[in-house]
There are 2 protein chains.
Amino acid sequence: MSVTLADVAARAGVSAATVSRVLNGNYPVAGATRHRVLRAVEELEYVVNGPASALAAATSDLVGVLVNDIADPFFGIMAGAVQSEIGPPAQTGGGARPVPLKLAIVCNTGGSSERELTYLTLLQRQRAAAVVLTGGAVEDSSHTAALATRLRRLEAAGSRVVLCGRPPLAAGEEGPHPLTVTFDNRGGARRLTEHLLSLGHRRLGYLAGPANRTTTRHRLEGHRVAMAAAGLADDAERLTVHGAYDRASGYDGALELLRREPGLTAILAANDTVALGVCAALRDQGLSIPGDVSVTGFDDLPFAVDAMPALTTVRLPLTEAGARAGRLALGREDAPPGGVATFRGDLMVRDSTAPPRTSGGA
Amino acid sequence: MSVTLADVAARAGVSAATVSRVLNGNYPVAGATRHRVLRAVEELEYVVNGPASALAAATSDLVGVLVNDIADPFFGIMAGAVQSEIGPPAQTGGGARPVPLKLAIVCNTGGSSERELTYLTLLQRQRAAAVVLTGGAVEDSSHTAALATRLRRLEAAGSRVVLCGRPPLAAGEEGPHPLTVTFDNRGGARRLTEHLLSLGHRRLGYLAGPANRTTTRHRLEGHRVAMAAAGLADDAERLTVHGAYDRASGYDGALELLRREPGLTAILAANDTVALGVCAALRDQGLSIPGDVSVTGFDDLPFAVDAMPALTTVRLPLTEAGARAGRLALGREDAPPGGVATFRGDLMVRDSTAPPRTSGGA
DNA sequence: GCCGACTTAGTAAGCGCTTTCTACCCGGGG
DNA sequence: CCCCGGGTAGAAAGCGCTTACTAAGTCGGC
């Protein structure tokens, strides 16, 4: 059917082994021979059979990238960054390809731990060279255990595993842990809360993400720490509402928060998308931002600066993190000390936060 | 090293052939035997070797998805939709898997035709079951020809090719064309322009996308048609600026447009992201939207409704288109008549457009 | 002028799975 | 009682590539 190595070999008057060696450049081949082979490859429009080489070499050119939802820029940006590290260079590459180009298999888990496991198995089946898991992990002991097992099997099967944007695996296990690139969600949330507190806010509502997610928990913890330091621990507890990481739950959550505490002067949203929903709800209630209520997001996705009003948020270096994870996955970069690299998030103060009206009167 | 079919066969006391048949369910196997095999699979934690089966069966479980930039929600949404059609079902799937789950290989071309070809070759190498090309195509005759060749080769190699969000291949070629799911960019742009015209605007600037892109051209054509119908053809020509599909070029483009025509009362941006840049520039110039200048986007990405102000735009059914493309790619859906399905975009009138101040005075 | 050391190329044995072809077991009709 | 056909399972030949291992030249040194 299609052109095979043998065809190329015949055409170039050499053995299949030689063609393979020319193509992989992992064995000395005389210049003249190489050229003859390369010409035959051109003439026959030969394209390597990936599965065949993966089988023979016991490794593939595929890298799995697990994301909650690729349509969400948060994940899209990280996935894109991973991809650009492992794929063809952005620059018009010359003829030499120092490292074999890898292809990224993007898997949407939709936040379901079950699908996460399913995809991990599918990636193991593909003999993926590496797997990058992005986003917060579900915190359910049975799932955590199942996940750890799967990851161990993947590594045993030769895949490199890298966590990106999620905390390292529980330290309880023996053996080396997957390399991890993580964000300081706790610190970011704490700084955001402190920012609001320092503006004079005292009644702050917190719209947390879905329960049982590490990201949700860490951000919430950071918030609570700051609240407790200001002697507002009880309020923090009372004014926390959980919801999905989407606009709709921001809208609903804001309404719920207002119901619980009509005197609210600030709302911290789980992330930028949720914050957008909060803003919409507030506007619909006839409240001005930040005049009546200050709002904060998290992540600093590209649209945050163009929101109405421009969102005060925490910038997460998603691109850098994804790129780092990609390099780690290919072993192009040395592991960070302890196997964990943490990126902190910078507070971006914009127009959605201001001193509360009551305290502003001085 | 790892567990193989043979190991499972030995454990179950059957031949490898039988195990293969049980796993693929494409051959009658007695119930008792099947159960024994399945148990052995469980006990051994056997995971099929994908490359091996791909080699033997001459087809893989991989579907390539080419996008300009996965971090851009426009592409993220389509890619996600494709993915959800070919991957594990969102529902907690039962044991039966009617169709083998496919994995999506997402390839960021960055809009480079060269990388597009590179990826196509890499996908052919993987023996991808299907390839979905999204987004506008580069209109360069040599690239178009090269692309057509590559696609033909892919199809010859057994991959199904589907175009999504780009026009069908030139009709000149013989043989069946790749199935296509496309958007009525022309009509959308025309309606957008007519909307502005009907509000009373006469000095409209158009911020087009990068030249030599089908999407850019179609949207521009739609705009020109409406402008010409209003006797404004010359202005349309003079007030068109090309730029990338990003926020920065929206910003710069708006400034350039204002320089060319200070009396501008409306700017049509190539897409929502560009529109955001336009809004930012206008604000920085002290102009109000839509008071001084009306602005429109295109695509209706999720953030459009939360922009400052909410963007009047054209909604493209990205999810539906992606899903359709995914189904077409797997042959799960019959080809549309003529092989081309066109989705139209609906005008979403929001707060960024209003009658121009001067004509509003009546 | 002969023998290692070094290059370069070929041989061939798989890699783990699919699938055709063959073998076998049974039950029922002639 | 024999033969035939439906239902199951096994044997074995690849699928196209990688990679020891082996072979054949080529040199330079003693």
# chains A, B, ... in the order shown; residues from 1 in each chain; ligands from 1
>>> closest_atom_pairs(of="chain A", to="chain C", cutoff="12 Å", atoms="only C-alpha atoms (C1' of nucleotides)", output="CSV")
residue,atom,partner,partner_atom,distance
A:Ala9,CA,C:DG10,C1',11.7
A:Gly13,CA,C:DA9,C1',11.3
A:Val14,CA,C:DA9,C1',8.0
A:Ser15,CA,C:DG10,C1',6.4
A:Ala16,CA,C:DG10,C1',8.9
A:Ala17,CA,C:DG10,C1',7.6
A:Thr18,CA,C:DA9,C1',7.0
A:Val19,CA,C:DA9,C1',10.6
A:Arg21,CA,C:DA9,C1',10.6
A:Val22,CA,C:DA9,C1',11.9
A:Tyr27,CA,C:DT8,C1',9.7
A:Pro28,CA,C:DT8,C1',7.4
A:Val29,CA,C:DT8,C1',6.5
A:Ala30,CA,C:DT8,C1',6.9
A:Gly31,CA,C:DT8,C1',10.6
A:Ala32,CA,C:DT8,C1',11.5
A:Thr33,CA,C:DT8,C1',9.8
A:Arg34,CA,C:DT8,C1',11.5
A:Pro51,CA,C:DC15,C1',10.8
A:Ala52,CA,C:DC15,C1',8.7
A:Ser53,CA,C:DC15,C1',9.1
A:Ala54,CA,C:DC15,C1',8.8
A:Leu55,CA,C:DC15,C1',5.4
A:Ala56,CA,C:DC15,C1',4.6
A:Ala57,CA,C:DC15,C1',7.5
A:Ala58,CA,C:DC15,C1',7.3
A:Thr59,CA,C:DC15,C1',10.8
A:Arg125,CA,C:DG16,C1',12.0
>>> write_last_selection(atoms="C-alpha atoms", output="short mmCIF file (atom, residue, chain, number, x, y, z; two decimals), in the first residue's frame")
data_model
loop_
_atom_site.label_atom_id
_atom_site.label_comp_id
_atom_site.auth_asym_id
_atom_site.auth_seq_id
_atom_site.Cartn_x
_atom_site.Cartn_y
_atom_site.Cartn_z
CA ALA A 9 16.18 1.08 0.84
CA GLY A 13 20.50 0.64 -3.04
CA VAL A 14 21.13 0.14 0.63
CA SER A 15 19.64 -1.94 3.39
CA ALA A 16 16.63 -0.99 5.47
CA ALA A 17 18.86 -0.65 8.48
CA THR A 18 20.83 2.07 6.80
CA VAL A 19 17.75 4.01 5.89
CA ARG A 21 19.87 5.05 10.65
CA VAL A 22 19.91 7.96 8.27
CA TYR A 27 24.49 6.02 13.88
CA PRO A 28 27.32 7.08 11.60
CA VAL A 29 26.47 6.89 7.94
CA ALA A 30 28.79 7.99 5.15
CA GLY A 31 27.86 11.28 3.55
CA ALA A 32 27.31 9.88 0.09
CA THR A 33 25.10 7.12 1.37
CA ARG A 34 23.08 9.53 3.44
CA PRO A 51 3.26 3.06 15.09
CA ALA A 52 5.84 0.72 13.63
CA SER A 53 8.75 2.68 14.98
CA ALA A 54 7.01 3.18 18.27
CA LEU A 55 6.57 -0.54 18.51
CA ALA A 56 10.11 -1.36 17.62
CA ALA A 57 11.66 1.39 19.67
CA ALA A 58 9.23 0.94 22.56
CA THR A 59 8.50 4.64 22.81
CA ARG A 125 -1.81 2.42 25.87
#
>>> closest_atom_pairs(of="chain D", to="chain B", cutoff="8 Å", atoms="only C-alpha atoms (C1' of nucleotides)", output="Markdown table")
| residue | atom | partner | partner_atom | distance |
| --- | --- | --- | --- | --- |
| D:DT8 | C1' | B:Val29 | CA | 6.6 |
| D:DA9 | C1' | B:Thr18 | CA | 7.0 |
| D:DG10 | C1' | B:Ser15 | CA | 6.3 |
| D:DC15 | C1' | B:Ala56 | CA | 4.6 |
| D:DG16 | C1' | B:Leu55 | CA | 7.5 |
>>> select_by_dssp(residues="range 12-248 of chain B", states="alpha helix (DSSP H)", output="ChimeraX atom specification")
/B:12,16-24,31-44,50-57,73-86,113-125,141-156,185-198,214-229,233-238,247-248
>>> interface_residues(of="chain B", to="chain A", cutoff="7 Å", atoms="only C-alpha atoms", output="JSON, numbers by chain")
{"B": [2, 47, 48, 49, 50, 51, 52, 54, 55, 70, 71, 72, 73, 76, 77, 80, 103, 104, 105, 106, 125, 126, 276, 303, 306, 307, 308, 309]}
>>> residues_around(residues="Ala148 in chain B", least_positions_apart="5", cutoff="10 Å", atoms="only C-alpha atoms (C1' of nucleotides)", output="ChimeraX atom specification")
/B:142-143,153-154,169-170,173,177-178
>>> write_last_selection(atoms="C-alpha atoms", output="short mmCIF file (atom, residue, chain, number, x, y, z; two decimals), in the first residue's frame")
data_model
loop_
_atom_site.label_atom_id
_atom_site.label_comp_id
_atom_site.auth_asym_id
_atom_site.auth_seq_id
_atom_site.Cartn_x
_atom_site.Cartn_y
_atom_site.Cartn_z
CA SER B 142 1.85 27.70 -3.58
CA HIS B 143 0.73 26.84 -0.11
CA ARG B 153 -1.92 11.98 0.58
CA LEU B 154 -3.46 11.82 3.99
CA LEU B 169 -10.84 23.45 -0.97
CA ALA B 170 -10.78 25.02 -4.40
CA GLU B 173 -9.27 19.56 -8.19
CA HIS B 177 -13.08 16.96 -1.52
CA PRO B 178 -12.64 16.84 2.21
#
>>> residues_around(residues="range 324-331 of chain A", least_positions_apart="3", cutoff="9 Å", atoms="only C-alpha atoms (C1' of nucleotides)", output="JSON list (two decimals) with N, CA and C atoms, in the first residue's frame")
[["chain", "number", "residue", "atom", "x", "y", "z"],
["A", 63, "VAL", "N", 2.91, 13.05, 23.61],
["A", 63, "VAL", "CA", 2.91, 13.55, 24.98],
["A", 63, "VAL", "C", 1.46, 13.87, 25.34],
["A", 81, "ALA", "N", 1.41, 26.35, 25.84],
["A", 81, "ALA", "CA", 2.80, 26.52, 26.23],
["A", 81, "ALA", "C", 3.53, 25.18, 26.23],
["A", 82, "VAL", "N", 2.87, 24.16, 26.71],
["A", 82, "VAL", "CA", 3.48, 22.83, 26.73],
["A", 82, "VAL", "C", 3.77, 22.46, 25.28],
["A", 83, "GLN", "N", 2.75, 22.65, 24.47],
["A", 83, "GLN", "CA", 2.84, 22.30, 23.08],
["A", 83, "GLN", "C", 4.00, 22.98, 22.36],
["A", 84, "SER", "N", 4.16, 24.26, 22.64],
["A", 84, "SER", "CA", 5.21, 24.96, 21.91],
["A", 84, "SER", "C", 6.60, 24.52, 22.34],
["A", 85, "GLU", "N", 6.69, 23.90, 23.51],
["A", 85, "GLU", "CA", 8.00, 23.41, 23.93],
["A", 85, "GLU", "C", 8.33, 22.07, 23.30],
["A", 86, "ILE", "N", 7.33, 21.29, 23.04],
["A", 86, "ILE", "CA", 7.59, 19.95, 22.54],
["A", 86, "ILE", "C", 7.45, 19.80, 21.03],
["A", 129, "ALA", "N", 5.28, 9.31, 25.57],
["A", 129, "ALA", "CA", 6.63, 9.58, 26.07],
["A", 129, "ALA", "C", 6.52, 10.31, 27.41],
["A", 130, "ALA", "N", 5.49, 11.12, 27.53],
["A", 130, "ALA", "CA", 5.30, 11.86, 28.77],
["A", 130, "ALA", "C", 3.84, 12.24, 28.93],
["A", 131, "VAL", "N", 3.49, 12.57, 30.14],
["A", 131, "VAL", "CA", 2.13, 13.00, 30.43],
["A", 131, "VAL", "C", 2.20, 14.20, 31.36],
["A", 132, "VAL", "N", 1.48, 15.25, 30.99],
["A", 132, "VAL", "CA", 1.44, 16.45, 31.83],
["A", 132, "VAL", "C", 0.02, 16.59, 32.35],
["A", 159, "SER", "N", 6.88, 6.34, 30.80],
["A", 159, "SER", "CA", 6.42, 7.70, 30.52],
["A", 159, "SER", "C", 6.88, 8.62, 31.65],
["A", 160, "ARG", "N", 7.24, 9.81, 31.27],
["A", 160, "ARG", "CA", 7.62, 10.76, 32.29],
["A", 160, "ARG", "C", 6.36, 11.49, 32.69],
["A", 161, "VAL", "N", 6.14, 11.66, 33.96],
["A", 161, "VAL", "CA", 4.92, 12.34, 34.41],
["A", 161, "VAL", "C", 5.27, 13.69, 35.04],
["A", 162, "VAL", "N", 4.54, 14.71, 34.66],
["A", 162, "VAL", "CA", 4.77, 16.04, 35.21],
["A", 162, "VAL", "C", 3.44, 16.64, 35.63],
["A", 163, "LEU", "N", 3.40, 17.20, 36.80],
["A", 163, "LEU", "CA", 2.18, 17.86, 37.25],
["A", 163, "LEU", "C", 2.37, 19.35, 37.02],
["A", 164, "CYS", "N", 1.36, 20.01, 36.54],
["A", 164, "CYS", "CA", 1.48, 21.43, 36.25],
["A", 164, "CYS", "C", 0.26, 22.18, 36.74],
["A", 179, "LEU", "N", 7.63, 15.06, 38.79],
["A", 179, "LEU", "CA", 8.08, 16.45, 38.88],
["A", 179, "LEU", "C", 6.83, 17.31, 38.89],
["A", 180, "THR", "N", 6.92, 18.42, 39.56],
["A", 180, "THR", "CA", 5.75, 19.28, 39.71],
["A", 180, "THR", "C", 6.07, 20.75, 39.50],
["A", 181, "VAL", "N", 5.17, 21.41, 38.80],
["A", 181, "VAL", "CA", 5.24, 22.86, 38.62],
["A", 181, "VAL", "C", 3.94, 23.35, 39.22],
["A", 319, "THR", "N", 1.85, 30.68, 31.07],
["A", 319, "THR", "CA", 2.71, 30.31, 29.95],
["A", 319, "THR", "C", 4.04, 29.77, 30.43],
["A", 320, "GLU", "N", 4.63, 30.47, 31.37],
["A", 320, "GLU", "CA", 5.91, 29.99, 31.88],
["A", 320, "GLU", "C", 5.77, 28.61, 32.51],
["A", 321, "ALA", "N", 4.71, 28.45, 33.28],
["A", 321, "ALA", "CA", 4.51, 27.17, 33.95],
["A", 321, "ALA", "C", 4.35, 26.05, 32.93],
["A", 334, "ASP", "N", 16.65, 20.45, 33.81],
["A", 334, "ASP", "CA", 16.89, 19.71, 35.04],
["A", 334, "ASP", "C", 15.73, 19.90, 36.00],
["A", 335, "ALA", "N", 15.52, 18.89, 36.78],
["A", 335, "ALA", "CA", 14.45, 18.96, 37.76],
["A", 335, "ALA", "C", 14.77, 20.05, 38.78]]
